[in-house]
$ cat upload30.txt   # compact mmCIF, C-alpha atoms and all ligand atoms
# COMPACT_ATOMS: atom_id res chain seq x y z
CA MET A 406 -48.97 -80.46 53.38
CA VAL A 407 -48.45 -83.42 55.59
CA ARG A 408 -51.29 -85.80 55.11
CA LEU A 409 -51.08 -89.41 56.20
CA ILE A 410 -50.42 -90.53 52.62
CA THR A 411 -47.06 -88.74 52.86
CA HIS A 412 -46.46 -89.63 56.49
CA ASN A 413 -46.82 -93.32 55.55
CA LEU A 414 -43.73 -92.91 53.31
CA LEU A 415 -41.47 -90.65 55.37
CA ALA A 416 -38.70 -92.16 57.51
CA CYS A 417 -35.92 -90.73 59.64
CA HIS A 418 -32.65 -90.51 57.72
CA ALA A 419 -30.33 -89.14 60.39
CA LYS A 420 -26.84 -90.57 60.52
CA GLY A 421 -26.82 -94.13 61.83
CA CYS A 422 -30.59 -94.23 62.25
CA THR A 423 -31.60 -97.25 60.19
CA THR A 424 -33.84 -99.33 62.43
CA ASN A 425 -37.10 -98.40 64.15
CA ASN A 426 -36.95 -95.11 62.18
CA PHE A 427 -40.56 -95.42 60.96
CA PRO A 428 -43.26 -94.23 61.47
CA LEU A 429 -42.38 -90.74 62.67
CA VAL A 430 -44.50 -89.62 65.62
CA PHE A 431 -46.55 -86.44 65.36
CA LYS A 432 -46.04 -83.88 68.13
CA ASP A 433 -47.89 -80.66 69.03
CA VAL A 434 -49.99 -80.78 65.88
CA GLN A 435 -52.57 -78.39 64.52
CA LEU A 436 -54.98 -80.17 62.19
CA GLU A 437 -57.20 -78.97 59.41
CA ILE A 438 -59.88 -81.19 57.90
CA ARG A 439 -60.54 -80.46 54.24
CA GLU A 440 -62.93 -82.47 52.13
CA SER A 441 -61.63 -83.59 48.78
CA GLU A 442 -62.82 -85.68 45.88
CA MET A 443 -62.30 -89.41 46.27
CA ASN A 444 -60.66 -91.48 43.54
CA PRO A 445 -61.68 -95.11 44.26
CA GLU A 446 -59.42 -96.51 41.55
CA PHE A 447 -56.36 -94.84 43.06
CA LEU A 448 -57.25 -96.03 46.56
CA ARG A 449 -57.88 -99.66 45.56
CA ASN A 450 -54.58 -99.94 43.70
CA PHE A 451 -52.60 -98.04 46.32
CA TYR A 452 -54.13 -100.05 49.17
CA PRO A 453 -51.67 -103.01 49.15
CA LYS A 454 -48.68 -100.63 49.32
CA LEU A 455 -49.71 -99.06 52.63
CA GLU A 456 -47.89 -99.73 55.88
CA TRP A 457 -51.17 -100.51 57.60
CA ASP A 458 -50.09 -100.66 61.24
CA ALA A 459 -48.33 -97.31 60.96
CA LEU A 460 -51.37 -95.77 59.30
CA VAL A 461 -53.86 -97.00 61.92
CA LYS A 462 -51.61 -96.09 64.84
CA THR A 463 -50.94 -92.59 63.49
CA ALA A 464 -54.60 -91.97 62.65
CA GLU A 465 -55.46 -92.88 66.24
CA GLN A 466 -52.88 -90.41 67.53
CA LEU A 467 -54.64 -87.76 65.47
CA GLY A 468 -58.01 -88.75 66.89
CA ASP A 469 -59.40 -90.89 64.05
CA THR A 470 -60.31 -94.45 65.02
CA SER A 471 -62.34 -95.37 61.93
CA LEU A 472 -59.89 -97.91 60.51
CA PRO A 473 -59.64 -101.53 61.75
CA LYS A 474 -56.40 -102.68 63.43
CA THR A 475 -55.95 -105.51 60.95
CA GLN A 476 -55.88 -104.65 57.26
CA PRO A 477 -58.94 -106.22 55.60
CA PRO A 478 -58.24 -108.20 52.42
CA ILE A 479 -58.70 -106.17 49.25
CA GLU A 480 -61.69 -108.33 48.15
CA SER A 481 -63.71 -107.23 51.18
CA VAL A 482 -63.12 -103.52 50.64
CA ASP A 483 -66.39 -101.69 49.92
CA GLU A 484 -67.32 -98.10 49.14
CA GLU A 485 -67.93 -97.25 52.79
CA PHE A 486 -64.48 -98.49 53.76
CA LEU A 487 -62.85 -96.58 50.90
CA LYS A 488 -64.52 -93.38 52.14
CA ALA A 489 -62.99 -93.86 55.59
CA LEU A 490 -59.61 -94.64 54.06
CA HIS A 491 -59.83 -91.60 51.78
CA HIS A 492 -60.60 -89.41 54.77
CA VAL A 493 -57.66 -90.71 56.81
CA LEU A 494 -55.15 -90.58 53.96
CA LEU A 495 -56.14 -87.41 52.19
CA GLU A 496 -58.46 -85.18 54.21
CA ILE A 497 -56.60 -84.76 57.51
CA HIS A 498 -53.95 -82.08 57.04
CA VAL A 499 -51.27 -81.53 59.66
CA GLU A 500 -50.62 -77.81 59.33
CA GLU A 501 -48.22 -77.09 62.20
CA GLY A 502 -46.22 -79.16 64.66
CA ALA A 503 -43.45 -81.68 64.29
CA MET A 504 -42.62 -85.33 63.67
CA THR A 505 -40.09 -87.10 65.86
CA CYS A 506 -38.13 -90.27 65.15
CA PRO A 507 -39.10 -93.21 67.42
CA ASN A 508 -35.46 -94.31 67.42
CA CYS A 509 -33.14 -91.27 67.62
CA GLU A 510 -35.80 -88.69 68.57
CA HIS A 511 -34.72 -86.30 65.84
CA ARG A 512 -37.40 -83.65 65.41
CA TYR A 513 -38.64 -82.66 61.96
CA GLY A 514 -40.65 -79.45 62.09
CA ILE A 515 -43.84 -78.75 60.13
CA VAL A 516 -44.60 -75.15 59.19
CA SER A 517 -47.60 -74.10 57.09
CA GLY A 518 -48.18 -77.72 56.14
CA ILE A 519 -44.63 -78.24 54.85
CA PRO A 520 -42.44 -80.74 56.74
CA ASN A 521 -38.75 -79.89 56.96
CA MET A 522 -36.80 -83.10 56.33
CA LEU A 523 -33.45 -81.34 55.88
CA LEU A 524 -30.57 -82.37 58.09
CA ALA A 525 -27.37 -80.52 58.78
CA GLU A 526 -24.39 -81.93 56.88
CA HIS A 527 -22.98 -83.73 59.94
CA GLU A 528 -26.35 -85.36 60.67
CA VAL A 529 -26.66 -87.04 57.25
CA ALA A 530 -25.78 -90.71 56.84
CA MET B 1031 -29.72 -63.07 26.99
CA PRO B 1032 -26.72 -62.11 29.12
CA ALA B 1033 -23.59 -64.18 28.64
CA LEU B 1034 -22.94 -67.24 30.78
CA ILE B 1035 -19.91 -67.23 33.00
CA PRO B 1036 -17.68 -70.32 32.98
CA ILE B 1037 -16.52 -71.21 36.48
CA GLU B 1038 -14.54 -73.63 38.52
CA VAL B 1039 -16.42 -75.08 41.47
CA PRO B 1040 -14.80 -74.21 44.80
CA ALA B 1041 -13.91 -76.96 47.28
CA ASP B 1042 -16.92 -76.49 49.53
CA ALA B 1043 -19.58 -77.71 47.08
CA SER B 1044 -22.35 -77.67 49.66
CA SER B 1045 -22.07 -74.03 50.67
CA TYR B 1046 -21.39 -73.09 47.04
CA GLU B 1047 -24.74 -74.61 46.06
CA ALA B 1048 -26.42 -72.91 49.02
CA SER B 1049 -25.46 -69.48 47.64
CA THR B 1050 -25.67 -70.16 43.87
CA VAL B 1051 -28.74 -72.41 43.84
CA HIS B 1052 -30.88 -72.55 46.99
CA GLU B 1053 -30.72 -68.88 47.93
CA VAL B 1054 -31.27 -67.83 44.34
CA TYR B 1055 -34.41 -69.93 43.93
CA ASP B 1056 -35.79 -68.64 47.22
CA ALA B 1057 -35.23 -65.09 45.97
CA ILE B 1058 -36.66 -65.53 42.47
CA ALA B 1059 -39.40 -68.10 43.26
CA PRO B 1060 -42.59 -66.22 42.21
CA HIS B 1061 -40.91 -64.74 39.14
CA PHE B 1062 -39.37 -68.09 38.16
CA SER B 1063 -42.68 -69.83 38.63
CA GLN B 1064 -44.41 -67.63 36.05
CA THR B 1065 -42.03 -68.92 33.40
CA ARG B 1066 -42.38 -72.59 34.33
CA TYR B 1067 -45.89 -73.74 33.59
CA LYS B 1068 -45.68 -75.90 30.48
CA PRO B 1069 -44.87 -79.57 31.06
CA TRP B 1070 -42.40 -81.14 28.64
CA PRO B 1071 -43.97 -83.83 26.40
CA VAL B 1072 -41.66 -86.73 27.32
CA ILE B 1073 -42.39 -86.16 31.02
CA SER B 1074 -46.15 -85.88 30.44
CA GLN B 1075 -46.04 -89.15 28.51
CA PHE B 1076 -44.10 -90.83 31.29
CA LEU B 1077 -46.63 -89.73 33.89
CA SER B 1078 -49.55 -90.73 31.64
CA SER B 1079 -48.10 -94.22 31.30
CA LEU B 1080 -48.32 -94.91 35.06
CA SER B 1081 -50.99 -97.29 36.29
CA ALA B 1082 -53.69 -96.05 38.67
CA GLY B 1083 -52.65 -96.27 42.31
CA SER B 1084 -49.01 -95.42 41.59
CA ILE B 1085 -47.21 -93.28 44.13
CA GLY B 1086 -44.22 -91.17 43.09
CA LEU B 1087 -41.57 -88.69 44.09
CA ASP B 1088 -40.73 -85.49 42.19
CA SER B 1089 -37.26 -84.73 43.49
CA GLY B 1090 -36.59 -81.05 42.81
CA THR B 1091 -40.23 -80.26 42.12
CA GLY B 1092 -39.71 -76.49 41.91
CA ASN B 1093 -43.11 -74.87 41.50
CA GLY B 1094 -44.71 -78.31 41.27
CA LYS B 1095 -45.80 -78.14 37.65
CA TYR B 1096 -45.69 -81.94 37.29
CA LEU B 1097 -47.68 -82.68 40.46
CA PRO B 1098 -51.14 -82.34 38.82
CA LEU B 1099 -50.30 -84.76 36.00
CA PRO B 1100 -51.59 -86.82 34.25
CA VAL B 1101 -54.21 -84.24 33.25
CA GLU B 1102 -56.49 -86.78 31.54
CA ARG B 1103 -57.10 -88.71 34.79
CA PRO B 1104 -56.36 -86.46 37.77
CA GLY B 1105 -55.98 -88.15 41.13
CA SER B 1106 -55.30 -91.59 39.66
CA VAL B 1107 -51.65 -91.35 40.72
CA TRP B 1108 -50.05 -89.28 43.52
CA THR B 1109 -46.79 -87.44 43.04
CA ILE B 1110 -45.18 -86.01 46.16
CA GLY B 1111 -43.01 -82.96 45.53
CA MET B 1112 -39.67 -82.39 47.24
CA ASP B 1113 -37.41 -79.37 46.91
CA ARG B 1114 -34.63 -77.47 48.71
CA SER B 1115 -36.40 -74.14 48.20
CA GLY B 1116 -39.10 -73.41 50.75
CA GLU B 1117 -40.28 -70.46 48.67
CA LEU B 1118 -40.86 -72.65 45.61
CA LEU B 1119 -42.71 -75.18 47.77
CA LYS B 1120 -45.10 -72.48 48.94
CA LEU B 1121 -46.16 -72.28 45.29
CA ALA B 1122 -45.91 -76.02 44.59
CA ARG B 1123 -48.41 -76.92 47.32
CA TYR B 1124 -51.17 -75.28 45.26
CA ALA B 1125 -49.91 -76.38 41.83
CA GLY B 1126 -52.74 -76.81 39.34
CA SER B 1127 -55.21 -74.67 41.28
CA THR B 1128 -57.13 -72.29 39.07
CA SER B 1129 -56.77 -68.77 40.34
CA GLY B 1130 -59.93 -66.71 40.64
CA SER B 1131 -62.50 -69.48 40.44
CA GLY B 1132 -61.81 -70.43 44.04
CA SER B 1133 -60.96 -74.04 43.28
CA VAL B 1134 -57.92 -74.74 45.40
CA VAL B 1135 -56.14 -78.06 44.96
CA ARG B 1136 -53.61 -79.03 47.58
CA ARG B 1137 -50.47 -81.03 46.79
CA GLU B 1138 -48.15 -82.92 49.09
CA VAL B 1139 -44.76 -81.21 49.31
CA VAL B 1140 -41.70 -81.79 51.48
CA LEU B 1141 -38.66 -79.62 52.15
CA GLY B 1142 -35.84 -82.04 51.49
CA ASP B 1143 -32.54 -82.69 49.78
CA ALA B 1144 -32.16 -84.59 46.50
CA LEU B 1145 -28.97 -86.13 47.93
CA ASP B 1146 -30.76 -87.89 50.78
CA VAL B 1147 -33.51 -90.48 51.12
CA CYS B 1148 -35.97 -89.30 53.75
CA TRP B 1149 -38.38 -92.10 52.81
CA ARG B 1150 -38.92 -95.78 53.45
CA GLU B 1151 -36.48 -97.18 50.90
CA GLY B 1152 -38.18 -98.58 47.82
CA ALA B 1153 -41.59 -97.19 48.79
CA PHE B 1154 -42.27 -95.31 45.56
CA ASP B 1155 -43.43 -96.76 42.25
CA TYR B 1156 -41.69 -93.99 40.32
CA ALA B 1157 -39.45 -90.99 40.76
CA ILE B 1158 -38.77 -88.05 38.47
CA SER B 1159 -35.87 -85.62 38.65
CA ILE B 1160 -36.40 -82.79 36.21
CA ALA B 1161 -33.78 -80.08 35.79
CA THR B 1162 -32.40 -80.71 39.27
CA ILE B 1163 -29.23 -82.81 39.21
CA HIS B 1164 -27.48 -80.21 37.02
CA HIS B 1165 -27.55 -77.87 40.04
CA LEU B 1166 -25.21 -80.20 41.97
CA SER B 1167 -21.65 -79.05 41.59
CA THR B 1168 -19.50 -82.20 41.72
CA PRO B 1169 -19.69 -85.60 39.93
CA GLU B 1170 -19.87 -87.30 43.35
CA ARG B 1171 -22.90 -85.28 44.40
CA ARG B 1172 -24.66 -85.81 41.07
CA ARG B 1173 -24.04 -89.56 41.36
CA ARG B 1174 -25.31 -89.57 44.94
CA ALA B 1175 -28.53 -87.88 43.78
CA ILE B 1176 -29.08 -90.64 41.19
CA LYS B 1177 -28.45 -93.24 43.89
CA ALA B 1178 -31.05 -91.54 46.07
CA LEU B 1179 -33.59 -91.84 43.24
CA LEU B 1180 -32.77 -95.53 42.69
CA ARG B 1181 -33.08 -96.21 46.44
CA SER B 1182 -36.41 -94.40 46.68
CA VAL B 1183 -38.26 -96.59 44.17
CA SER B 1184 -39.33 -100.20 44.36
CA PRO B 1185 -36.48 -102.62 43.57
CA SER B 1186 -38.93 -104.88 41.73
CA HIS B 1187 -40.70 -102.41 39.43
CA GLY B 1188 -39.60 -98.82 40.20
CA ARG B 1189 -39.37 -96.40 37.29
CA VAL B 1190 -37.13 -93.33 37.17
CA LEU B 1191 -36.95 -90.39 34.73
CA ILE B 1192 -34.06 -87.90 34.90
CA TYR B 1193 -33.69 -84.68 32.88
CA VAL B 1194 -30.64 -82.43 32.80
CA TRP B 1195 -29.42 -79.50 30.71
CA ALA B 1196 -27.14 -80.41 27.84
CA VAL B 1197 -23.98 -78.76 26.61
CA ASP B 1198 -25.54 -78.92 23.15
CA GLN B 1199 -28.23 -76.28 23.33
CA ASP B 1200 -30.72 -75.86 20.50
CA GLU B 1201 -31.45 -72.60 18.70
CA LEU B 1202 -34.65 -71.84 20.58
CA SER B 1203 -32.98 -71.72 23.98
CA LYS B 1204 -30.51 -69.03 22.83
CA ARG B 1205 -27.96 -70.24 25.34
CA THR B 1206 -24.35 -70.60 24.38
CA ILE B 1207 -22.19 -72.53 26.74
CA PRO B 1208 -18.75 -71.10 27.25
CA GLU B 1209 -15.71 -73.33 26.95
CA THR B 1210 -14.04 -73.90 30.27
CA SER B 1211 -10.43 -73.04 29.60
CA THR B 1212 -9.13 -73.74 33.06
CA SER B 1213 -10.24 -77.28 33.78
CA ASP B 1214 -8.60 -80.39 32.44
CA SER B 1215 -11.09 -81.78 29.93
CA SER B 1216 -9.65 -85.28 30.22
CA ILE B 1217 -10.95 -85.67 33.77
CA SER B 1218 -13.97 -83.39 33.99
CA LYS B 1219 -16.97 -84.05 31.78
CA GLY B 1220 -19.49 -81.42 30.76
CA ARG B 1221 -19.10 -77.75 31.65
CA ASP B 1222 -19.74 -75.70 34.75
CA ALA B 1223 -21.20 -72.23 34.39
CA LEU B 1224 -23.23 -69.58 36.10
CA VAL B 1225 -26.48 -68.73 34.35
CA PRO B 1226 -27.91 -65.30 35.10
CA TRP B 1227 -31.51 -64.75 36.14
CA VAL B 1228 -32.63 -61.18 35.67
CA LEU B 1229 -35.22 -60.14 38.19
CA SER B 1230 -36.83 -57.01 36.83
CA GLU B 1231 -38.91 -54.61 38.85
CA GLN B 1232 -41.84 -55.25 36.53
CA PRO B 1233 -43.52 -58.41 37.75
CA GLY B 1234 -44.05 -61.11 35.17
CA LYS B 1235 -41.67 -59.69 32.63
CA LYS B 1236 -38.14 -60.85 32.04
CA SER B 1237 -36.14 -57.95 30.68
CA GLU B 1238 -32.60 -56.99 29.91
CA PRO B 1239 -30.59 -55.71 32.86
CA SER B 1240 -31.34 -52.11 33.67
CA GLY B 1241 -30.94 -49.84 36.63
CA SER B 1242 -33.89 -51.41 38.41
CA ALA B 1243 -33.11 -55.04 37.65
CA LYS B 1244 -31.24 -57.42 39.92
CA VAL B 1245 -29.20 -60.24 38.40
CA TYR B 1246 -28.87 -63.54 40.22
CA GLN B 1247 -26.29 -66.12 39.16
CA ARG B 1248 -27.35 -69.77 39.29
CA TYR B 1249 -24.86 -72.61 39.12
CA TYR B 1250 -25.38 -75.21 36.35
CA HIS B 1251 -23.47 -78.24 35.28
CA PHE B 1252 -24.09 -78.71 31.54
CA PHE B 1253 -23.97 -82.40 30.71
CA GLU B 1254 -22.17 -83.71 27.67
CA SER B 1255 -23.36 -86.58 25.51
CA GLY B 1256 -23.13 -89.93 27.31
CA GLU B 1257 -22.37 -88.38 30.67
CA LEU B 1258 -25.81 -88.93 32.22
CA LYS B 1259 -25.80 -92.60 31.21
CA GLU B 1260 -22.29 -93.10 32.56
CA LEU B 1261 -23.17 -91.45 35.87
CA THR B 1262 -26.33 -93.57 36.10
CA CYS B 1263 -24.38 -96.79 35.47
CA GLU B 1264 -21.84 -95.84 38.16
CA ALA B 1265 -24.64 -95.12 40.63
CA ALA B 1266 -26.38 -98.43 39.82
CA THR B 1267 -23.16 -100.39 40.14
CA GLU B 1268 -22.40 -98.83 43.52
CA LEU B 1269 -25.81 -100.05 44.67
CA GLY B 1270 -25.04 -103.56 43.44
CA LEU B 1271 -27.48 -103.37 40.53
CA GLN B 1272 -26.88 -105.11 37.23
CA ILE B 1273 -27.29 -102.91 34.17
CA GLY B 1274 -29.51 -104.15 31.37
CA PRO B 1275 -32.80 -106.01 30.96
CA PRO B 1276 -33.66 -108.81 33.40
CA PRO B 1277 -32.15 -112.15 32.37
CA GLN B 1278 -34.58 -114.59 30.73
CA ASP B 1279 -33.35 -117.54 32.78
CA GLY B 1280 -33.73 -115.76 36.13
CA GLU B 1281 -31.14 -117.10 38.53
CA GLY B 1282 -32.78 -115.62 41.61
CA ASN B 1283 -31.58 -113.01 44.06
CA THR B 1284 -30.50 -110.64 41.33
CA ARG B 1285 -31.39 -106.97 41.10
CA GLY B 1286 -30.85 -104.67 38.21
CA VAL B 1287 -31.83 -101.62 36.27
CA GLU B 1288 -32.80 -101.44 32.63
CA ILE B 1289 -32.18 -98.31 30.58
CA VAL B 1290 -35.50 -97.81 28.80
CA GLN B 1291 -34.61 -94.55 27.02
CA ASP B 1292 -31.39 -92.56 26.80
CA SER B 1293 -32.02 -89.57 24.61
CA TRP B 1294 -31.92 -85.86 23.90
CA GLU B 1295 -34.75 -83.35 23.58
CA ARG B 1296 -34.65 -79.59 23.21
CA SER B 1297 -31.39 -78.76 24.99
CA ASN B 1298 -31.80 -81.54 27.55
CA PHE B 1299 -30.52 -85.04 28.02
CA TYR B 1300 -32.86 -87.51 29.62
CA ILE B 1301 -32.75 -91.10 30.76
CA GLU B 1302 -35.58 -93.43 31.75
CA LEU B 1303 -34.87 -96.42 33.98
CA LYS B 1304 -36.78 -99.44 35.20
CA LEU B 1305 -35.67 -101.52 38.15
CA TRP B 1306 -36.14 -105.28 38.24
CA GLU B 1307 -35.65 -108.12 40.66
CA VAL B 1308 -35.53 -111.85 39.87
ZN ZN C 1401 -33.93 -91.27 63.69

$ encode --input "upload30.txt" --output "C-alpha cells"
Amino acid sequence: MVRLITHNLLACHAKGCTTNNFPLVFKDVQLEIRESEMNPEFLRNFYPKLEWDALVKTAEQLGDTSLPKTQPPIESVDEEFLKALHHVLLEIHVEEGAMTCPNCEHRYGIVSGIPNMLLAEHEVA
Amino acid sequence: MPALIPIEVPADASSYEASTVHEVYDAIAPHFSQTRYKPWPVISQFLSSLSAGSIGLDSGTGNGKYLPLPVERPGSVWTIGMDRSGELLKLARYAGSTSGSGSVVRREVVLGDALDVCWREGAFDYAISIATIHHLSTPERRRRAIKALLRSVSPSHGRVLIYVWAVDQDELSKRTIPETSTSDSSISKGRDALVPWVLSEQPGKKSEPSGSAKVYQRYYHFFESGELKELTCEAATELGLQIGPPPQDGEGNTRGVEIVQDSWERSNFYIELKLWEV
C-alpha cells in the first residue's frame, strides 16, 4: 500500500539525485479510503518525526485539506486533530498510479497498492 | 533434506542473484509463506522493546511476518516492509489478517532493493534485516546492504537488528553445509551454497523430490563466526562511524554505532546495533 505515512519517508534515489528529491509527487492516482482503528499513542509520538510541509502539500494534491499549513505544537493537539491526522496518514490508500521525483522526474509506478522503488543497475547511485 | 550444493559465485553477482534468489522467491512465494509464520524470539523481543510512535523498516520482509509485531500492543509502532519479490509482497501486505473471519489488516509494503536507500536518510527509528543479507553473493554487496540499513535509521538513536544463516547449523535444522573445496579459505569467509526448495504438487506439504515435484535452488552465503561483526564494522567505518559506546566526555560532532548484542541462536548469527551522536 502507499499511504501517506510511507510517502512521507520515501525519497528518490536515482543516480546523482540528492537534492530536491523529496517529496515524490503523485501522478494519475486511484484512491481507496478505508477506515482503520486509530492509535492515539502512536500518532502523538510519531507526530514530531513527520515532514509536515510535505504531508500537507501531498494531502492537498489528493484532495484532503483538513490539516493546517503550519504544524501545531504537540501540546495543542487534541482528539479531533488526531482523527484528521490519522485519516490523512493511514486511511487514504493510493492503489494505482505513480510517484515522480520533483528533481529528476524519475517515475516510480504503483500497482495494486505496491510502489516499485527498484532502479536499473545503471540508475543507482 | 536434499544435499546442499557448494558453489562459486560467478562474476555477475547481480544477475546471479536475480536467477537464484529473486526469481525463486517469486515462484515459491505462497508455498514458502506457509512455512514462515512463527517469529523468532530475539526479534519479537527487539520489536517489543520499541517505544510507541517508532517507525521502522523491515528490509527483506518476505511474507511480512514481523510487520504485525509487537502482538501485545498492535499499532503502537509501524514497520514498513520492503522486498525484492513482488509475489511475497502480495502476501506481506495482508500479514496478520485472520483468514475467514473477514478481518483484513493492511500493511505498508514497498518493492525495493536491500542495497539501496529509497528513503529520506535517517528517517527510521529502527531497521531489521532478517534472513536477507545471506542472499547477497559478494562481501561487497553484503557490506553495502549493512550500510543501507545504517543510513536508513536515525544517526542519533537508530537501532538495527540483522540475522543471517550460520555455517554452524544446529541439529534441528538438519542442514549440513558442504566444504567449499575450490575457493581460497584465506580470503573468502563463510561458505557459498545452493539450498534446494522442493515445490511439491500437493499444496502446503513439503515432500521429498518425486516425479511431480519441482526443485528450485536458492543461493545462500553461510556466515562464519565473527564474520557478521567484521562486515558491520567495515560498513560503519566506511560511513565514518566510530565503533563502540558513546564517549562519556562527548567531544561534539562525533557519530558512532554501539554493538548491543553479537550472538548466535538456532543456526543463525545476529547482531544488534544502536547509533549515537554527540
Ligand atoms: Zn530524482

$ closest_residue --input "upload30.txt" --among "B:Ala1243, B:Cys1148, B:Ala1175, B:Ala1082" --to "ligand ZN 1401 (chain C)" --atoms "all atoms listed in the file"
B:Cys1148

$ interface_residues --input "upload30.txt" --of "chain A" --to "chain B" --cutoff "8 Å" --atoms "all atoms listed in the file" --output "list of chain:residue names"
A:Met406, A:Val407, A:Arg408, A:Thr411, A:Leu414, A:Leu415, A:Ala416, A:Cys417, A:His418, A:Phe427, A:Asn444, A:Glu446, A:Phe447, A:Leu448, A:Arg449, A:Asn450, A:Phe451, A:Tyr452, A:Lys454, A:Ile519, A:Pro520, A:Asn521, A:Met522, A:Leu523, A:Val529

$ write_last_selection --input "upload30.txt" --atoms "C-alpha atoms" --output "PDB file, keeping the file's coordinate frame"
ATOM      1  CA  MET A 406     -48.970 -80.460  53.380  1.00  0.00           C
ATOM      2  CA  VAL A 407     -48.450 -83.420  55.590  1.00  0.00           C
ATOM      3  CA  ARG A 408     -51.290 -85.800  55.110  1.00  0.00           C
ATOM      4  CA  THR A 411     -47.060 -88.740  52.860  1.00  0.00           C
ATOM      5  CA  LEU A 414     -43.730 -92.910  53.310  1.00  0.00           C
ATOM      6  CA  LEU A 415     -41.470 -90.650  55.370  1.00  0.00           C
ATOM      7  CA  ALA A 416     -38.700 -92.160  57.510  1.00  0.00           C
ATOM      8  CA  CYS A 417     -35.920 -90.730  59.640  1.00  0.00           C
ATOM      9  CA  HIS A 418     -32.650 -90.510  57.720  1.00  0.00           C
ATOM     10  CA  PHE A 427     -40.560 -95.420  60.960  1.00  0.00           C
ATOM     11  CA  ASN A 444     -60.660 -91.480  43.540  1.00  0.00           C
ATOM     12  CA  GLU A 446     -59.420 -96.510  41.550  1.00  0.00           C
ATOM     13  CA  PHE A 447     -56.360 -94.840  43.060  1.00  0.00           C
ATOM     14  CA  LEU A 448     -57.250 -96.030  46.560  1.00  0.00           C
ATOM     15  CA  ARG A 449     -57.880 -99.660  45.560  1.00  0.00           C
ATOM     16  CA  ASN A 450     -54.580 -99.940  43.700  1.00  0.00           C
ATOM     17  CA  PHE A 451     -52.600 -98.040  46.320  1.00  0.00           C
ATOM     18  CA  TYR A 452     -54.130-100.050  49.170  1.00  0.00           C
ATOM     19  CA  LYS A 454     -48.680-100.630  49.320  1.00  0.00           C
ATOM     20  CA  ILE A 519     -44.630 -78.240  54.850  1.00  0.00           C
ATOM     21  CA  PRO A 520     -42.440 -80.740  56.740  1.00  0.00           C
ATOM     22  CA  ASN A 521     -38.750 -79.890  56.960  1.00  0.00           C
ATOM     23  CA  MET A 522     -36.800 -83.100  56.330  1.00  0.00           C
ATOM     24  CA  LEU A 523     -33.450 -81.340  55.880  1.00  0.00           C
ATOM     25  CA  VAL A 529     -26.660 -87.040  57.250  1.00  0.00           C
TER      26      VAL A 529
END

$ residues_near_ligand --input "upload30.txt" --ligand "ligand ZN 1401 (chain C)" --cutoff "7 Å" --atoms "all atoms listed in the file" --output "list in words"
Cys417, His418, Ala419, Cys422, Asn426, Cys506, Pro507, Asn508, Cys509, Glu510 and His511 of chain A

$ write_last_selection --input "upload30.txt" --atoms "C-alpha atoms" --output "mmCIF file, in the frame of the given file"
data_model
loop_
_atom_site.group_PDB
_atom_site.id
_atom_site.type_symbol
_atom_site.label_atom_id
_atom_site.label_comp_id
_atom_site.auth_asym_id
_atom_site.auth_seq_id
_atom_site.Cartn_x
_atom_site.Cartn_y
_atom_site.Cartn_z
ATOM 1 C CA CYS A 417 -35.920 -90.730 59.640
ATOM 2 C CA HIS A 418 -32.650 -90.510 57.720
ATOM 3 C CA ALA A 419 -30.330 -89.140 60.390
ATOM 4 C CA CYS A 422 -30.590 -94.230 62.250
ATOM 5 C CA ASN A 426 -36.950 -95.110 62.180
ATOM 6 C CA CYS A 506 -38.130 -90.270 65.150
ATOM 7 C CA PRO A 507 -39.100 -93.210 67.420
ATOM 8 C CA ASN A 508 -35.460 -94.310 67.420
ATOM 9 C CA CYS A 509 -33.140 -91.270 67.620
ATOM 10 C CA GLU A 510 -35.800 -88.690 68.570
ATOM 11 C CA HIS A 511 -34.720 -86.300 65.840
#

$ residues_around --input "upload30.txt" --residues "stretch 1166-1170 of chain B" --least-positions-apart "2" --cutoff "12 Å" --atoms "only C-alpha atoms" --output "VMD selection string"
chain B and resid 1037 to 1052 1090 1114 1143 to 1145 1161 to 1164 1172 to 1177 1194 1217 to 1224 1248 to 1253 1257 to 1258 1260 to 1262 1264 to 1265 1268

$ write_last_selection --input "upload30.txt" --atoms "C-alpha atoms" --output "short mmCIF file (atom, residue, chain, number, x, y, z; two decimals), in the coordinates of the input"
data_model
loop_
_atom_site.label_atom_id
_atom_site.label_comp_id
_atom_site.auth_asym_id
_atom_site.auth_seq_id
_atom_site.Cartn_x
_atom_site.Cartn_y
_atom_site.Cartn_z
CA ILE B 1037 -16.52 -71.21 36.48
CA GLU B 1038 -14.54 -73.63 38.52
CA VAL B 1039 -16.42 -75.08 41.47
CA PRO B 1040 -14.80 -74.21 44.80
CA ALA B 1041 -13.91 -76.96 47.28
CA ASP B 1042 -16.92 -76.49 49.53
CA ALA B 1043 -19.58 -77.71 47.08
CA SER B 1044 -22.35 -77.67 49.66
CA SER B 1045 -22.07 -74.03 50.67
CA TYR B 1046 -21.39 -73.09 47.04
CA GLU B 1047 -24.74 -74.61 46.06
CA ALA B 1048 -26.42 -72.91 49.02
CA SER B 1049 -25.46 -69.48 47.64
CA THR B 1050 -25.67 -70.16 43.87
CA VAL B 1051 -28.74 -72.41 43.84
CA HIS B 1052 -30.88 -72.55 46.99
CA GLY B 1090 -36.59 -81.05 42.81
CA ARG B 1114 -34.63 -77.47 48.71
CA ASP B 1143 -32.54 -82.69 49.78
CA ALA B 1144 -32.16 -84.59 46.50
CA LEU B 1145 -28.97 -86.13 47.93
CA ALA B 1161 -33.78 -80.08 35.79
CA THR B 1162 -32.40 -80.71 39.27
CA ILE B 1163 -29.23 -82.81 39.21
CA HIS B 1164 -27.48 -80.21 37.02
CA ARG B 1172 -24.66 -85.81 41.07
CA ARG B 1173 -24.04 -89.56 41.36
CA ARG B 1174 -25.31 -89.57 44.94
CA ALA B 1175 -28.53 -87.88 43.78
CA ILE B 1176 -29.08 -90.64 41.19
CA LYS B 1177 -28.45 -93.24 43.89
CA VAL B 1194 -30.64 -82.43 32.80
CA ILE B 1217 -10.95 -85.67 33.77
CA SER B 1218 -13.97 -83.39 33.99
CA LYS B 1219 -16.97 -84.05 31.78
CA GLY B 1220 -19.49 -81.42 30.76
CA ARG B 1221 -19.10 -77.75 31.65
CA ASP B 1222 -19.74 -75.70 34.75
CA ALA B 1223 -21.20 -72.23 34.39
CA LEU B 1224 -23.23 -69.58 36.10
CA ARG B 1248 -27.35 -69.77 39.29
CA TYR B 1249 -24.86 -72.61 39.12
CA TYR B 1250 -25.38 -75.21 36.35
CA HIS B 1251 -23.47 -78.24 35.28
CA PHE B 1252 -24.09 -78.71 31.54
CA PHE B 1253 -23.97 -82.40 30.71
CA GLU B 1257 -22.37 -88.38 30.67
CA LEU B 1258 -25.81 -88.93 32.22
CA GLU B 1260 -22.29 -93.10 32.56
CA LEU B 1261 -23.17 -91.45 35.87
CA THR B 1262 -26.33 -93.57 36.10
CA GLU B 1264 -21.84 -95.84 38.16
CA ALA B 1265 -24.64 -95.12 40.63
CA GLU B 1268 -22.40 -98.83 43.52
#
